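Shown below: query27.pdb, with PDB, C-alpha atoms.
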```pdb
ATOM      1  CA  MET D 275       9.722-125.816  35.194
ATOM      2  CA  ILE D 276       9.194-124.413  31.733
ATOM      3  CA  ASN D 277       6.584-121.968  33.057
ATOM      4  CA  MET D 278       8.993-120.812  35.769
ATOM      5  CA  ASP D 279      11.721-120.245  33.153
ATOM      6  CA  LYS D 280       9.298-118.287  31.034
ATOM      7  CA  ARG D 281       8.256-116.176  34.013
ATOM      8  CA  GLY D 282      11.930-115.691  34.854
ATOM      9  CA  GLU D 283      12.618-114.485  31.335
ATOM     10  CA  LYS D 284       9.781-112.004  31.542
ATOM     11  CA  VAL D 285      11.067-110.697  34.862
ATOM     12  CA  TYR D 286      14.555-110.516  33.397
ATOM     13  CA  VAL D 287      13.279-108.526  30.407
ATOM     14  CA  LEU D 288      11.319-106.204  32.690
ATOM     15  CA  ILE D 289      14.322-105.603  34.964
ATOM     16  CA  TRP D 290      16.558-105.005  31.960
ATOM     17  CA  PHE D 291      14.060-102.564  30.507
ATOM     18  CA  LEU D 292      13.631-100.686  33.803
ATOM     19  CA  ALA D 293      17.408-100.562  34.266
ATOM     20  CA  SER D 294      17.798 -99.106  30.769
ATOM     21  CA  ILE D 295      15.168 -96.471  31.479
ATOM     22  CA  LEU D 296      16.893 -95.647  34.777
ATOM     23  CA  VAL D 297      20.261 -95.271  33.027
ATOM     24  CA  PHE D 298      18.595 -93.069  30.411
ATOM     25  CA  ILE D 299      17.032 -90.807  33.038
ATOM     26  CA  VAL D 300      20.279 -90.526  35.022
ATOM     27  CA  VAL D 301      22.352 -89.673  31.941
ATOM     28  CA  VAL D 302      19.830 -87.101  30.684
ATOM     29  CA  TYR D 303      19.543 -85.506  34.134
ATOM     30  CA  THR D 304      23.323 -85.376  34.614
ATOM     31  CA  ALA D 305      23.979 -83.957  31.152
ATOM     32  CA  THR D 306      21.199 -81.389  31.497
ATOM     33  CA  SER D 307      22.300 -80.231  34.926
ATOM     34  CA  HIS D 308      25.950 -80.131  33.862
ATOM     35  CA  PHE D 309      25.496 -78.120  30.695
ATOM     36  CA  SER D 310      22.824 -75.813  32.094
ATOM     37  CA  GLN D 311      25.083 -74.944  35.027
ATOM     38  CA  PRO D 312      26.485 -71.436  34.585
ATOM     39  CA  ILE D 313      30.215 -71.251  33.971
ATOM     40  CA  ASP D 314      31.517 -69.461  37.024
ATOM     41  CA  LEU D 315      34.647 -67.378  36.477
ATOM     42  CA  ARG D 316      33.854 -64.790  39.152
ATOM     43  CA  GLY D 317      36.651 -66.109  41.351
ATOM     44  CA  VAL D 318      39.200 -65.617  38.578
ATOM     45  CA  GLY D 319      37.796 -62.152  37.851
ATOM     46  CA  ILE D 320      38.167 -60.909  41.408
ATOM     47  CA  GLN D 321      41.712 -62.272  41.593
ATOM     48  CA  ASN D 322      42.488 -60.220  38.484
ATOM     49  CA  ASP D 323      40.889 -57.198  40.104
ATOM     50  CA  TYR D 324      42.962 -57.684  43.245
ATOM     51  CA  MET D 325      46.184 -57.801  41.226
ATOM     52  CA  SER D 326      45.070 -54.630  39.417
ATOM     53  CA  VAL D 327      44.479 -52.853  42.732
ATOM     54  CA  LEU D 328      47.850 -53.949  44.089
ATOM     55  CA  SER D 329      49.791 -52.845  41.028
ATOM     56  CA  CYS D 330      47.846 -49.589  40.994
ATOM     57  CA  TYR D 331      48.345 -48.664  44.654
ATOM     58  CA  VAL D 332      51.714 -50.179  45.453
ATOM     59  CA  SER D 333      55.072 -50.065  43.752
ATOM     60  CA  GLN D 334      57.878 -52.226  45.136
ATOM     61  CA  GLY D 335      56.234 -52.492  48.530
ATOM     62  CA  VAL D 336      55.683 -48.749  48.877
ATOM     63  CA  LEU D 337      52.392 -46.890  48.451
ATOM     64  CA  LYS D 338      52.488 -44.717  45.379
ATOM     65  CA  PRO D 339      52.729 -41.032  46.366
ATOM     66  CA  GLU D 340      49.509 -40.076  44.569
ATOM     67  CA  VAL D 341      47.416 -42.510  46.660
ATOM     68  CA  LEU D 342      47.494 -40.325  49.754
ATOM     69  CA  SER D 343      47.258 -37.061  47.848
ATOM     70  CA  GLY D 344      43.566 -36.759  48.709
ATOM     71  CA  ASN D 345      42.026 -37.222  45.264
ATOM     72  CA  PHE D 346      43.033 -40.755  44.378
ATOM     73  CA  GLN D 347      40.129 -43.121  43.796
ATOM     74  CA  VAL D 348      39.671 -46.785  42.955
ATOM     75  CA  THR D 349      38.341 -45.767  39.545
ATOM     76  CA  ASP D 350      41.786 -44.297  38.769
ATOM     77  CA  CYS D 351      42.946 -47.910  38.477
ATOM     78  CA  GLY D 352      40.827 -48.398  35.373
ATOM     79  CA  PHE D 353      37.742 -49.755  37.097
ATOM     80  CA  PHE D 354      34.505 -48.805  35.445
ATOM     81  CA  ALA D 355      32.137 -47.545  38.138
ATOM     82  CA  ASP D 356      28.944 -47.952  36.112
ATOM     83  CA  SER D 357      29.762 -51.529  35.271
ATOM     84  CA  ILE D 358      30.688 -52.488  38.812
ATOM     85  CA  SER D 359      27.458 -51.037  40.171
ATOM     86  CA  LYS D 360      25.304 -52.474  37.395
ATOM     87  CA  TYR D 361      26.727 -55.971  37.578
ATOM     88  CA  GLU D 362      26.789 -56.247  41.365
ATOM     89  CA  GLY D 363      30.420 -55.757  42.155
ATOM     90  CA  LEU D 364      32.500 -54.031  44.790
ATOM     91  CA  VAL D 365      36.109 -52.961  45.053
ATOM     92  CA  GLN D 366      36.974 -51.410  48.392
ATOM     93  CA  VAL D 367      40.413 -50.258  49.500
ATOM     94  CA  LYS D 368      41.348 -49.169  53.015
ATOM     95  CA  ILE D 369      44.745 -48.210  54.318
ATOM     96  CA  MET D 370      45.528 -48.125  58.004
ATOM     97  CA  ASP D 371      48.621 -46.810  59.748
ATOM     98  CA  VAL D 372      49.828 -49.723  61.830
ATOM     99  CA  LYS D 373      51.629 -47.771  64.541
ATOM    100  CA  GLU D 374      48.928 -45.190  65.130
ATOM    101  CA  ASN D 375      46.115 -47.663  64.428
ATOM    102  CA  LYS D 376      44.423 -45.003  62.357
ATOM    103  CA  GLN D 377      42.718 -45.233  58.990
ATOM    104  CA  ILE D 378      44.483 -42.944  56.543
ATOM    105  CA  TYR D 379      42.648 -43.849  53.354
ATOM    106  CA  SER D 380      39.318 -45.353  52.333
ATOM    107  CA  ASN D 381      37.638 -45.541  48.982
ATOM    108  CA  PHE D 382      35.314 -47.912  47.184
ATOM    109  CA  VAL D 383      33.427 -48.366  43.982
ATOM    110  CA  GLY D 384      30.268 -50.473  43.610
ATOM    111  CA  ALA D 385      27.722 -51.775  46.068
ATOM    112  CA  VAL D 386      29.237 -51.748  49.552
ATOM    113  CA  GLY D 387      26.211 -53.687  50.808
ATOM    114  CA  LEU D 388      27.640 -56.764  49.096
ATOM    115  CA  LEU D 389      29.978 -57.184  52.066
ATOM    116  CA  ASP D 390      26.962 -58.293  54.117
ATOM    117  CA  ASP D 391      26.195 -60.924  51.490
ATOM    118  CA  CYS D 392      29.840 -61.982  51.621
ATOM    119  CA  ALA D 393      29.542 -62.532  55.365
ATOM    120  CA  VAL D 394      26.446 -64.670  54.854
ATOM    121  CA  ALA D 395      28.010 -66.575  51.949
ATOM    122  CA  SER D 396      31.057 -67.443  54.042
ATOM    123  CA  THR D 397      28.946 -69.040  56.759
ATOM    124  CA  SER D 398      26.216 -70.791  54.786
ATOM    125  CA  SER D 399      26.585 -73.598  52.330
ATOM    126  CA  GLY D 400      24.709 -73.720  49.050
ATOM    127  CA  ALA D 401      24.489 -69.953  48.788
ATOM    128  CA  ALA D 402      24.685 -70.062  44.994
ATOM    129  CA  SER D 403      23.072 -66.694  44.436
ATOM    130  CA  TYR D 404      25.496 -64.873  46.722
ATOM    131  CA  PRO D 405      28.525 -63.029  45.402
ATOM    132  CA  VAL D 406      32.032 -64.427  45.298
ATOM    133  CA  CYS D 407      34.205 -62.465  47.675
ATOM    134  CA  PHE D 408      37.876 -61.901  48.277
ATOM    135  CA  SER D 409      39.613 -60.037  51.091
ATOM    136  CA  ALA D 410      43.311 -59.548  51.571
ATOM    137  CA  GLN D 411      45.607 -57.447  53.691
ATOM    138  CA  GLN D 412      49.031 -56.437  52.585
ATOM    139  CA  PRO D 413      51.633 -54.587  54.711
ATOM    140  CA  VAL D 414      53.129 -51.681  52.801
ATOM    141  CA  PHE D 415      55.444 -48.748  53.456
ATOM    142  CA  TYR D 416      54.438 -45.174  52.879
ATOM    143  CA  TYR D 417      56.073 -41.819  53.315
ATOM    144  CA  SER D 418      54.686 -39.122  55.568
ATOM    145  CA  GLY D 419      56.942 -36.241  54.707
ATOM    146  CA  SER D 420      60.384 -37.814  54.851
ATOM    147  CA  GLU D 421      59.369 -40.359  57.479
ATOM    148  CA  LYS D 422      58.883 -43.928  56.346
ATOM    149  CA  LYS D 423      55.916 -45.608  58.014
ATOM    150  CA  ILE D 424      54.201 -48.973  57.868
ATOM    151  CA  ALA D 425      50.579 -49.305  56.798
ATOM    152  CA  LEU D 426      48.159 -52.128  56.159
ATOM    153  CA  LEU D 427      46.475 -52.140  52.777
ATOM    154  CA  SER D 428      43.106 -53.906  52.985
ATOM    155  CA  VAL D 429      41.290 -54.838  49.800
ATOM    156  CA  ASP D 430      37.752 -56.238  49.673
ATOM    157  CA  ILE D 431      36.405 -57.366  46.340
ATOM    158  CA  ALA D 432      33.035 -58.930  45.629
ATOM    159  CA  SER D 433      31.410 -59.933  42.392
ATOM    160  CA  ASN D 434      28.080 -61.351  41.395
ATOM    161  CA  ASN D 435      28.684 -60.754  37.719
ATOM    162  CA  ARG D 436      27.298 -63.747  35.830
ATOM    163  CA  GLY D 437      26.682 -62.361  32.358
ATOM    164  CA  SER D 438      23.511 -63.064  30.437
ATOM    165  CA  SER D 439      22.145 -64.488  27.237
ATOM    166  CA  VAL D 440      20.824 -61.842  24.900
ATOM    167  CA  ASN D 441      18.568 -61.584  21.919
ATOM    168  CA  THR D 442      21.044 -59.913  19.590
ATOM    169  CA  GLN D 443      18.431 -58.657  17.167
ATOM    170  CA  ASN D 444      17.030 -56.412  19.895
ATOM    171  CA  SER D 445      20.281 -55.784  21.722
ATOM    172  CA  LEU D 446      22.313 -54.645  18.740
ATOM    173  CA  LEU D 447      19.906 -51.778  18.150
ATOM    174  CA  SER D 448      20.569 -50.404  21.595
ATOM    175  CA  ASN D 449      24.346 -50.900  21.447
ATOM    176  CA  ILE D 450      25.720 -48.794  18.684
ATOM    177  CA  GLY D 451      29.053 -47.793  20.226
ATOM    178  CA  VAL D 452      31.522 -50.446  19.244
ATOM    179  CA  ASN D 453      35.093 -49.668  20.254
ATOM    180  CA  THR D 454      36.904 -52.476  18.554
ATOM    181  CA  ASN D 455      38.842 -51.916  15.358
ATOM    182  CA  GLY D 456      38.342 -55.319  13.831
TER     183      GLY D 456
ATOM    184  CA  MET Y 185      26.686-120.863  10.654
ATOM    185  CA  ILE Y 186      26.886-120.811  14.410
ATOM    186  CA  LYS Y 187      24.146-118.225  14.485
ATOM    187  CA  LYS Y 188      21.873-120.396  12.361
ATOM    188  CA  ARG Y 189      22.459-123.373  14.649
ATOM    189  CA  SER Y 190      21.762-121.438  17.794
ATOM    190  CA  LEU Y 191      18.690-119.912  16.164
ATOM    191  CA  ARG Y 192      17.422-123.388  15.292
ATOM    192  CA  PHE Y 193      18.180-124.547  18.802
ATOM    193  CA  ILE Y 194      16.263-121.670  20.282
ATOM    194  CA  LEU Y 195      13.311-122.176  17.967
ATOM    195  CA  ALA Y 196      13.252-125.891  18.621
ATOM    196  CA  SER Y 197      13.477-125.672  22.385
ATOM    197  CA  GLY Y 198      10.488-125.941  24.660
ATOM    198  CA  LYS Y 199       6.876-126.078  23.560
ATOM    199  CA  ARG Y 200       5.575-124.877  20.245
ATOM    200  CA  GLY Y 201       5.946-121.113  19.929
ATOM    201  CA  GLN Y 202       7.904-120.726  23.144
ATOM    202  CA  GLY Y 203      11.255-120.268  21.349
ATOM    203  CA  VAL Y 204       9.805-117.688  19.046
ATOM    204  CA  ASP Y 205       8.396-115.746  22.041
ATOM    205  CA  TRP Y 206      11.785-115.834  23.745
ATOM    206  CA  LEU Y 207      13.551-114.690  20.593
ATOM    207  CA  THR Y 208      11.042-111.919  19.994
ATOM    208  CA  ALA Y 209      11.442-110.645  23.543
ATOM    209  CA  GLU Y 210      15.217-110.693  23.234
ATOM    210  CA  VAL Y 211      15.151-108.894  19.884
ATOM    211  CA  VAL Y 212      12.753-106.259  21.197
ATOM    212  CA  LEU Y 213      14.928-105.825  24.268
ATOM    213  CA  ILE Y 214      18.061-105.388  22.183
ATOM    214  CA  LEU Y 215      16.329-102.937  19.841
ATOM    215  CA  VAL Y 216      14.951-100.886  22.712
ATOM    216  CA  SER Y 217      18.383-100.848  24.362
ATOM    217  CA  ILE Y 218      20.016 -99.707  21.136
ATOM    218  CA  MET Y 219      17.384 -96.989  20.710
ATOM    219  CA  LEU Y 220      17.915 -95.784  24.265
ATOM    220  CA  PHE Y 221      21.672 -95.829  23.849
ATOM    221  CA  VAL Y 222      21.523 -93.926  20.567
ATOM    222  CA  SER Y 223      19.113 -91.348  21.958
ATOM    223  CA  ILE Y 224      21.396 -90.855  24.979
ATOM    224  CA  MET Y 225      24.385 -90.330  22.700
ATOM    225  CA  VAL Y 226      22.453 -87.880  20.517
ATOM    226  CA  PHE Y 227      21.178 -85.969  23.530
ATOM    227  CA  VAL Y 228      24.584 -85.706  25.219
ATOM    228  CA  SER Y 229      26.289 -84.746  21.979
ATOM    229  CA  ARG Y 230      23.702 -82.017  21.311
ATOM    230  CA  ALA Y 231      23.955 -80.749  24.889
ATOM    231  CA  ALA Y 232      27.754 -80.685  24.675
ATOM    232  CA  SER Y 233      27.782 -78.781  21.400
ATOM    233  CA  SER Y 234      25.009 -76.350  22.205
ATOM    234  CA  SER Y 235      25.576 -72.774  21.138
ATOM    235  CA  LEU Y 236      24.458 -71.475  24.540
ATOM    236  CA  PHE Y 237      27.182 -73.412  26.345
ATOM    237  CA  TYR Y 238      29.978 -72.308  24.016
ATOM    238  CA  GLU Y 239      28.818 -68.702  23.811
ATOM    239  CA  GLU Y 240      28.899 -68.420  27.593
ATOM    240  CA  LEU Y 241      32.242 -70.211  27.800
ATOM    241  CA  TYR Y 242      33.956 -67.997  25.225
ATOM    242  CA  ALA Y 243      32.395 -64.745  26.464
ATOM    243  CA  LYS Y 244      33.548 -65.357  30.022
ATOM    244  CA  GLU Y 245      36.974 -66.650  29.055
ATOM    245  CA  ILE Y 246      37.673 -63.738  26.727
ATOM    246  CA  GLY Y 247      36.209 -61.226  29.193
ATOM    247  CA  THR Y 248      38.363 -62.513  32.035
ATOM    248  CA  LEU Y 249      41.394 -62.512  29.762
ATOM    249  CA  LEU Y 250      40.797 -58.926  28.686
ATOM    250  CA  GLU Y 251      40.309 -57.806  32.267
ATOM    251  CA  SER Y 252      43.805 -58.930  33.176
ATOM    252  CA  ALA Y 253      45.399 -57.890  29.886
ATOM    253  CA  LYS Y 254      48.174 -55.353  29.795
ATOM    254  CA  PRO Y 255      48.741 -52.915  26.916
ATOM    255  CA  GLY Y 256      51.035 -54.304  24.261
ATOM    256  CA  GLN Y 257      50.033 -57.927  24.774
ATOM    257  CA  ASN Y 258      48.613 -60.175  22.043
ATOM    258  CA  TYR Y 259      46.278 -63.104  22.619
ATOM    259  CA  SER Y 260      45.302 -65.975  20.354
ATOM    260  CA  ILE Y 261      42.260 -68.036  21.222
ATOM    261  CA  ASP Y 262      41.245 -71.250  19.483
ATOM    262  CA  ILE Y 263      37.584 -70.889  18.511
ATOM    263  CA  THR Y 264      37.309 -73.911  16.214
ATOM    264  CA  PRO Y 265      34.268 -75.378  18.061
ATOM    265  CA  ALA Y 266      32.465 -72.054  17.577
ATOM    266  CA  LEU Y 267      32.813 -72.339  13.795
ATOM    267  CA  ALA Y 268      31.407 -75.873  13.908
ATOM    268  CA  ILE Y 269      28.396 -74.636  15.880
ATOM    269  CA  ALA Y 270      27.921 -71.666  13.563
ATOM    270  CA  LYS Y 271      28.023 -74.014  10.559
ATOM    271  CA  SER Y 272      25.384 -76.217  12.153
ATOM    272  CA  ASN Y 273      23.291 -73.031  12.313
ATOM    273  CA  ASN Y 274      23.860 -72.384   8.586
ATOM    274  CA  LYS Y 275      26.461 -69.681   9.130
ATOM    275  CA  ASN Y 276      29.747 -69.652   7.241
ATOM    276  CA  PHE Y 277      33.280 -68.599   8.142
ATOM    277  CA  GLU Y 278      32.757 -65.039   6.901
ATOM    278  CA  TRP Y 279      29.757 -64.693   9.196
ATOM    279  CA  VAL Y 280      31.850 -65.916  12.143
ATOM    280  CA  GLN Y 281      34.579 -63.407  11.255
ATOM    281  CA  GLN Y 282      32.077 -60.557  11.320
ATOM    282  CA  ASN Y 283      29.823 -61.547  14.192
ATOM    283  CA  PHE Y 284      31.469 -63.981  16.584
ATOM    284  CA  PHE Y 285      33.104 -61.441  18.853
ATOM    285  CA  GLY Y 286      32.463 -57.827  19.745
ATOM    286  CA  VAL Y 287      32.919 -55.333  22.544
ATOM    287  CA  TYR Y 288      29.932 -53.110  23.185
ATOM    288  CA  GLY Y 289      29.913 -49.959  25.215
ATOM    289  CA  THR Y 290      33.306 -49.872  26.891
ATOM    290  CA  ASN Y 291      33.334 -53.128  28.748
ATOM    291  CA  VAL Y 292      30.747 -55.632  27.513
ATOM    292  CA  VAL Y 293      32.046 -58.671  25.649
ATOM    293  CA  ARG Y 294      29.562 -60.356  23.361
ATOM    294  CA  VAL Y 295      29.971 -63.736  21.691
ATOM    295  CA  GLN Y 296      27.462 -65.153  19.242
ATOM    296  CA  THR Y 297      27.303 -68.259  17.126
ATOM    297  CA  THR Y 298      23.716 -67.861  15.955
ATOM    298  CA  ALA Y 299      21.959 -64.984  14.224
ATOM    299  CA  ASN Y 300      19.421 -64.333  16.962
ATOM    300  CA  GLY Y 301      21.218 -64.982  20.207
ATOM    301  CA  GLY Y 302      24.467 -64.441  21.984
ATOM    302  CA  PHE Y 303      26.030 -64.123  25.401
ATOM    303  CA  GLU Y 304      27.139 -60.878  26.979
ATOM    304  CA  TYR Y 305      29.661 -60.634  29.789
ATOM    305  CA  ALA Y 306      30.605 -57.315  31.316
ATOM    306  CA  VAL Y 307      33.985 -56.870  32.914
ATOM    307  CA  PHE Y 308      34.745 -54.350  35.642
ATOM    308  CA  LYS Y 309      37.521 -52.615  33.750
ATOM    309  CA  LYS Y 310      37.488 -50.674  30.532
ATOM    310  CA  ILE Y 311      38.462 -52.763  27.535
ATOM    311  CA  ASN Y 312      40.816 -51.344  24.942
ATOM    312  CA  ILE Y 313      41.440 -53.575  21.961
ATOM    313  CA  THR Y 314      43.620 -52.077  19.260
ATOM    314  CA  LYS Y 315      43.148 -54.859  16.728
ATOM    315  CA  GLU Y 316      40.957 -57.908  16.409
ATOM    316  CA  SER Y 317      40.923 -60.614  13.753
ATOM    317  CA  ILE Y 318      39.620 -64.118  13.128
ATOM    318  CA  ALA Y 319      41.619 -66.272  10.729
ATOM    319  CA  MET Y 320      42.349 -69.872   9.839
ATOM    320  CA  ALA Y 321      45.609 -71.251  11.223
ATOM    321  CA  GLY Y 322      46.067 -74.706   9.715
ATOM    322  CA  ASN Y 323      42.878 -76.541  10.520
ATOM    323  CA  LYS Y 324      42.047 -74.276  13.444
ATOM    324  CA  VAL Y 325      40.116 -71.038  13.697
ATOM    325  CA  VAL Y 326      41.946 -68.490  15.804
ATOM    326  CA  LEU Y 327      40.730 -65.235  17.296
ATOM    327  CA  THR Y 328      43.617 -62.818  17.760
ATOM    328  CA  LEU Y 329      43.336 -59.809  20.017
ATOM    329  CA  GLU Y 330      45.887 -57.055  20.328
ATOM    330  CA  ILE Y 331      45.654 -54.923  23.434
TER     331      ILE Y 331
END
```

If you took the structure in this file and wrote it as structure tokens, what would it be?
Amino acid sequence: MINMDKRGEKVYVLIWFLASILVFIVVVYTATSHFSQPIDLRGVGIQNDYMSVLSCYVSQGVLKPEVLSGNFQVTDCGFFADSISKYEGLVQVKIMDVKENKQIYSNFVGAVGLLDDCAVASTSSGAASYPVCFSAQQPVFYYSGSEKKIALLSVDIASNNRGSSVNTQNSLLSNIGVNTNG
Amino acid sequence: MIKKRSLRFILASGKRGQGVDWLTAEVVLILVSIMLFVSIMVFVSRAASSSLFYEELYAKEIGTLLESAKPGQNYSIDITPALAIAKSNNKNFEWVQQNFFGVYGTNVVRVQTTANGGFEYAVFKKINITKESIAMAGNKVVLTLEI
């Protein structure tokens, strides 16, 4: 009886020890995976971009006159073409006349090929490396001469901008142009 | 007193030496458990206060904020944890004021809490900051940006 108790104690100690190790491993793994996970604000960024496009192209439900002047581009809304291309982004705007079913405006900045990735990302799960995408259509009025017409403003935005850690000692040497007045 | 009694009871129980073995095993078990628990707490606390995590967090938050900012707006951001991290890396408040935040090129936000590393986040729109300052507000450190 005493021997059995002793064996039981040993088993109890072993189980307790293994359970502690298991808890340790689980906590370390969870903490590591949580804090090494990139902070993903791409969705918020593209929502901001969409609001920028809307306020840039449309005023009180009517297309701004300069949009259909022939020279208006997405970059006129303050988007930085180099940055969008470099950091895997896309802002595409299309306007279609609803009655005539005819495209009257199209312009984009960035990598238009990202739309293919967006299509894949929307159908497959676990596509972590794919861009975050946003598409929206907004009915708007526009004037053709004095005639008021209805158009559909389509905006496609994609972003795979994740940022990166840098070695500042090297990076500062190559980034001299600081535009803050702090 | 109760402890002494129970200790005597444990030592006196069973065959010679058995109580001592049991007590030793229990003590070792408790010590190992405490060590594991402490090391877990230390690990999680270090992971949670790592400079990499906070640099990325602040760079992306500030970048996203600036992207949606309109001219004439002011923003105040609490960066107290960043000062704590900088201090743990032997950097003082003046260093944080000078190095914590910067905009490089026309659209790259950089945040750093250590001398050698930082996190850069580029936004898709041009950033125009008219004034930037880091100051103490009570017991908090606040980054103020004027657009």

Please find the residues of chain Y near chain D - the criterion being any atom within 8 Å, counting all atoms listed in the file - and write them as a short mmCIF file (atom, residue, chain, number, x, y, z; two decimals) with C-alpha atoms, keeping the file's coordinate frame.
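Saved the output as result.cif:
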```cif
data_model
loop_
_atom_site.label_atom_id
_atom_site.label_comp_id
_atom_site.auth_asym_id
_atom_site.auth_seq_id
_atom_site.Cartn_x
_atom_site.Cartn_y
_atom_site.Cartn_z
CA GLY Y 198 10.49 -125.94 24.66
CA TRP Y 206 11.78 -115.83 23.74
CA ALA Y 209 11.44 -110.64 23.54
CA GLU Y 210 15.22 -110.69 23.23
CA LEU Y 213 14.93 -105.82 24.27
CA SER Y 217 18.38 -100.85 24.36
CA LEU Y 220 17.92 -95.78 24.26
CA PHE Y 221 21.67 -95.83 23.85
CA ILE Y 224 21.40 -90.86 24.98
CA PHE Y 227 21.18 -85.97 23.53
CA VAL Y 228 24.58 -85.71 25.22
CA ALA Y 231 23.96 -80.75 24.89
CA ALA Y 232 27.75 -80.68 24.68
CA LEU Y 236 24.46 -71.47 24.54
CA PHE Y 237 27.18 -73.41 26.34
CA GLU Y 240 28.90 -68.42 27.59
CA LEU Y 241 32.24 -70.21 27.80
CA LYS Y 244 33.55 -65.36 30.02
CA GLU Y 245 36.97 -66.65 29.06
CA THR Y 248 38.36 -62.51 32.03
CA GLU Y 251 40.31 -57.81 32.27
CA SER Y 252 43.80 -58.93 33.18
CA GLY Y 286 32.46 -57.83 19.74
CA VAL Y 287 32.92 -55.33 22.54
CA TYR Y 288 29.93 -53.11 23.18
CA GLY Y 289 29.91 -49.96 25.22
CA THR Y 290 33.31 -49.87 26.89
CA ASN Y 291 33.33 -53.13 28.75
CA ALA Y 299 21.96 -64.98 14.22
CA ASN Y 300 19.42 -64.33 16.96
CA GLY Y 301 21.22 -64.98 20.21
CA GLY Y 302 24.47 -64.44 21.98
CA PHE Y 303 26.03 -64.12 25.40
CA GLU Y 304 27.14 -60.88 26.98
CA TYR Y 305 29.66 -60.63 29.79
CA ALA Y 306 30.60 -57.32 31.32
CA VAL Y 307 33.98 -56.87 32.91
CA PHE Y 308 34.74 -54.35 35.64
CA LYS Y 309 37.52 -52.62 33.75
CA LYS Y 310 37.49 -50.67 30.53
CA ASN Y 312 40.82 -51.34 24.94
CA ILE Y 313 41.44 -53.58 21.96
CA THR Y 314 43.62 -52.08 19.26
CA LYS Y 315 43.15 -54.86 16.73
CA GLU Y 316 40.96 -57.91 16.41
CA SER Y 317 40.92 -60.61 13.75
#
```

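You will find atom CA of D:Lys368 at 5.1 Å from atom CA of D:Ser428.
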
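Across the structure, atom CA of D:Gln334 and atom CA of D:Gln411 are spaced 15.8 Å apart.
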
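Atom CA of D:Val406 sits 29.1 Å away from atom CA of D:Asn375.
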
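Around D:Tyr331, within 7 Å and counting only C-alpha atoms, the residues found are D:Leu337, D:Lys338, D:Val341, once anything fewer than 6 positions away on its own chain is removed.
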
Where's the centre, and what are the edge lengths in Å to one decimal, of a box along x, y and z enclosing all listed atoms of stretch 244-249 of chain Y padded 6 Å per side, as lines of an AutoDock Vina configuration file?
```
center_x = 37.5
center_y = -63.9
center_z = 29.4
size_x = 19.8
size_y = 17.4
size_z = 17.3
```

Let me know the residues the PyMOL selection byres ((chain Y and resi 270-283) around 9) catches in the file above, as a ChimeraX atom specification.
-> /D:456 /Y:235,265-269,284-286,295-299,317-319,327

From the list D:Gln377, D:Ser343, D:Ser396, D:Gln412, which residue is nearest D:Val429 when using only C-alpha atoms?
-> D:Gln412

Dump as number ranges by chain all residues having an atom at most 12 Å from (28.4, -55.6, 53.0), computed in the file's coordinates with only C-alpha atoms.
-> D: 362-366, 382, 384-395, 404-405, 407, 430-433

Got time to write the residues from that selection, C-alpha atoms, as an mmCIF file, keeping the file's coordinate frame?
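Full text of again10.cif as output:
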```cif
data_model
loop_
_atom_site.group_PDB
_atom_site.id
_atom_site.type_symbol
_atom_site.label_atom_id
_atom_site.label_comp_id
_atom_site.auth_asym_id
_atom_site.auth_seq_id
_atom_site.Cartn_x
_atom_site.Cartn_y
_atom_site.Cartn_z
ATOM 1 C CA GLU D 362 26.789 -56.247 41.365
ATOM 2 C CA GLY D 363 30.420 -55.757 42.155
ATOM 3 C CA LEU D 364 32.500 -54.031 44.790
ATOM 4 C CA VAL D 365 36.109 -52.961 45.053
ATOM 5 C CA GLN D 366 36.974 -51.410 48.392
ATOM 6 C CA PHE D 382 35.314 -47.912 47.184
ATOM 7 C CA GLY D 384 30.268 -50.473 43.610
ATOM 8 C CA ALA D 385 27.722 -51.775 46.068
ATOM 9 C CA VAL D 386 29.237 -51.748 49.552
ATOM 10 C CA GLY D 387 26.211 -53.687 50.808
ATOM 11 C CA LEU D 388 27.640 -56.764 49.096
ATOM 12 C CA LEU D 389 29.978 -57.184 52.066
ATOM 13 C CA ASP D 390 26.962 -58.293 54.117
ATOM 14 C CA ASP D 391 26.195 -60.924 51.490
ATOM 15 C CA CYS D 392 29.840 -61.982 51.621
ATOM 16 C CA ALA D 393 29.542 -62.532 55.365
ATOM 17 C CA VAL D 394 26.446 -64.670 54.854
ATOM 18 C CA ALA D 395 28.010 -66.575 51.949
ATOM 19 C CA TYR D 404 25.496 -64.873 46.722
ATOM 20 C CA PRO D 405 28.525 -63.029 45.402
ATOM 21 C CA CYS D 407 34.205 -62.465 47.675
ATOM 22 C CA ASP D 430 37.752 -56.238 49.673
ATOM 23 C CA ILE D 431 36.405 -57.366 46.340
ATOM 24 C CA ALA D 432 33.035 -58.930 45.629
ATOM 25 C CA SER D 433 31.410 -59.933 42.392
#
```
